[in-house]
Every structure is written in C-alpha cells, then in structure tokens.
Amino acid sequence: MSPNDDAQNDRQIVDAARAGDEQALSELYLRYFPRVYRYILARTGNQYDAEDLAEEVFMRVLEAIGRFQWREAPFSAWLFRIAHNAIISQRRKDTARGKPGQLSDGHPSDSDGPEELVESRSVLDEVLEAAQKLPEAQRQVIALRFSAGLSVAETAKAMGKGDGNVKVIQHKAIVRLREMMGQPKKRPRAYEREKA
Amino acid sequence: MKEKKLEQVLEEALSAYIEGGRTVEDILREHAAYHGRLEPLLSTAIGTYEEFQARHPSTAAQQRGLARFLADARARASLRSLARKAG
C-alpha cells in the first residue's frame, strides 16, 4: 500500500469512527494501539506502563475525536500529541507520588524463542537506556520515527517542527546512539532481507 | 554535483528501507559516495527501528483496552442520543 493509499484509508476510517461507526472504531484502535504502545515504551522504558497508558490514550481519543480537524494535521500527528500529553501527565502524577522513572522489565515479543528472548531483552534494554540519555527532542524523534513508525513529515507535524529540522535532529540522535551503543551486537535483520 | 547533507542522505536511506522495502545493500550502493559515513549510522538506525518494531503489546492488554474503548464509545453515543431527545 502506498503512503497515499494509507492516508486515504486512514481518512475513511477516522471519519466513520467520528460518526460512531463501531467497526471503524475497532479498526482505528487495532491499527494504532501497537504503535502508540511502542511510542510509550520508547518514552517510558516500561512495558506494563506502556500498555496501561496506551489504553488511557485511546480513552482520551474518544473524548477529543469530535474536535479533530483534518486541515490542522494528519490523524497520526494528532494522536501522538495526545500520547505525548498523556506521558507528561503520567510523569507529573508519578513525581507527585515519588515513583521513580523505570527502565524496561524486558518483555518478550510473541514470536521470539527462549534464546532470542535473552539476547533481545538485553538489546532492547540497551537501546532504551541509551534513548533515555538523549536530549528531549532527539528522544521524541526516535520514539515517533523508529518506534511509532511515523514518516518524517508526520513526525514534524506531531512535534510542531519543520521536516528539515526533524532530519537534523534524527541525524544527531543516531550519531549519539551510535556513540553510546557502539556497533550493533547483532546484524540487523535488514541485511538478510531478500531482494524483491 | 553538489554534495548532499548527511542528514538528508540518512533520511533518504531510512525512507528507502522503512517505507520503500529496499535492501541495505541496494541502499548503500545507491549512495556509494557516502558509504563510509552512512553505513554505521544506517546500521544503528535500522537496528533501533527493528528492535522497537519487534515489540508488541500483550494480546490480553490489547483486548481489554479494545473492550473498554468500545464500551465507552457506546456510552457516549447513548448520552448523545438522550441529549438529542431531551433537547
């Protein structure tokens, strides 16, 4: 599916969801829940917090979707602003309760076997730990672009920045991650990707 | 030919991988002039991307959230309907 097809599809689903169509609401949820989860995971480093907070984000979406305007931003940018604000609110609550920030407990993806889990958990922890040390804007770009899977244009809209600025921040973040983590311990699967 | 900024080349390479489904070898070949500087950054960027994309919320959390989401949507629709009738 091309990005244009994807955007058109998004529009149909979001418009139907705004009108209260239950199937569209389900589709919207299933399409975005994993991405919102990954975004929050990248920001908080905790899988369980990410699941709970992603659920809360979708409750906020229901409250606000009637006010969503297509002319202002793509739906994804609007949604991830809500997710960003939910994280900020949660941090304030945690700070008030004296709860420290946490890094990942590590958690399996459904497809990994036991040996991959051990290796994968440590690689994820390393990535999360390094990401937490980045300046706020770099962390935000990593979370939106690499974890939530937004394009540069969507990331720029979500952050209220220009595309060029996001590319610069992305480059700085990757350079910094490389410095902190060194060469990846395992060769990215991309190298084994078969040619079409 | 004017040299591109590395942030632009990195983004072109990432887009070709993430959205374009291209192989790393093809991408590096296409940006041969930047190979030495691009390869380590692309390796870290793709490694980070893949690490996150391999994470999924638990099925239980996803189902629980969906049920709550739809129940809340129904409740809101009922309230709207009642308000219309009352109004």
# chains A, B, ... in the order shown; residues from 1 in each chain; ligands from 1
$ residues_around --residues "B:Glu7" --least-positions-apart "3" --cutoff "6 Å" --atoms "only C-alpha atoms" --output "short mmCIF file (atom, residue, chain, number, x, y, z; two decimals) with C-alpha atoms, in the first residue's frame"
data_model
loop_
_atom_site.label_atom_id
_atom_site.label_comp_id
_atom_site.auth_asym_id
_atom_site.auth_seq_id
_atom_site.Cartn_x
_atom_site.Cartn_y
_atom_site.Cartn_z
CA LYS A 167 16.03 15.31 9.76
CA VAL A 168 18.77 17.22 11.58
CA HIS A 171 20.78 12.53 12.42
CA LEU B 10 20.39 9.30 6.06
#
$ interface_residues --of "chain B" --to "chain A" --cutoff "6 Å" --atoms "only C-alpha atoms" --output "short mmCIF file (atom, residue, chain, number, x, y, z; two decimals) with N, CA and C atoms, in the first residue's frame"
data_model
loop_
_atom_site.label_atom_id
_atom_site.label_comp_id
_atom_site.auth_asym_id
_atom_site.auth_seq_id
_atom_site.Cartn_x
_atom_site.Cartn_y
_atom_site.Cartn_z
N GLU B 7 22.43 14.39 6.89
CA GLU B 7 21.09 14.13 7.47
C GLU B 7 20.06 13.84 6.38
N VAL B 24 19.43 -3.14 2.43
CA VAL B 24 20.51 -2.25 2.85
C VAL B 24 21.60 -2.19 1.77
N GLY B 47 18.91 -0.96 13.20
CA GLY B 47 18.90 -1.84 14.38
C GLY B 47 17.92 -1.33 15.43
N TYR B 49 15.31 0.70 14.90
CA TYR B 49 13.96 0.57 14.33
C TYR B 49 13.46 -0.87 14.48
N PHE B 52 12.51 -1.91 18.10
CA PHE B 52 11.20 -1.43 18.55
C PHE B 52 10.07 -2.15 17.81
N ARG B 55 8.58 -5.33 19.15
CA ARG B 55 7.81 -5.30 20.42
C ARG B 55 6.33 -5.18 20.13
N HIS B 56 5.55 -5.97 20.84
CA HIS B 56 4.09 -5.93 20.67
C HIS B 56 3.43 -5.91 22.04
N GLY B 65 -8.23 -3.35 26.44
CA GLY B 65 -8.33 -1.94 26.04
C GLY B 65 -9.41 -1.73 24.99
#
$ select_by_dssp --residues "chain B" --states "helix (DSSP H, G or I)" --output "VMD selection string"
chain B and resid 6 to 18 24 to 30 32 to 53 59 to 86
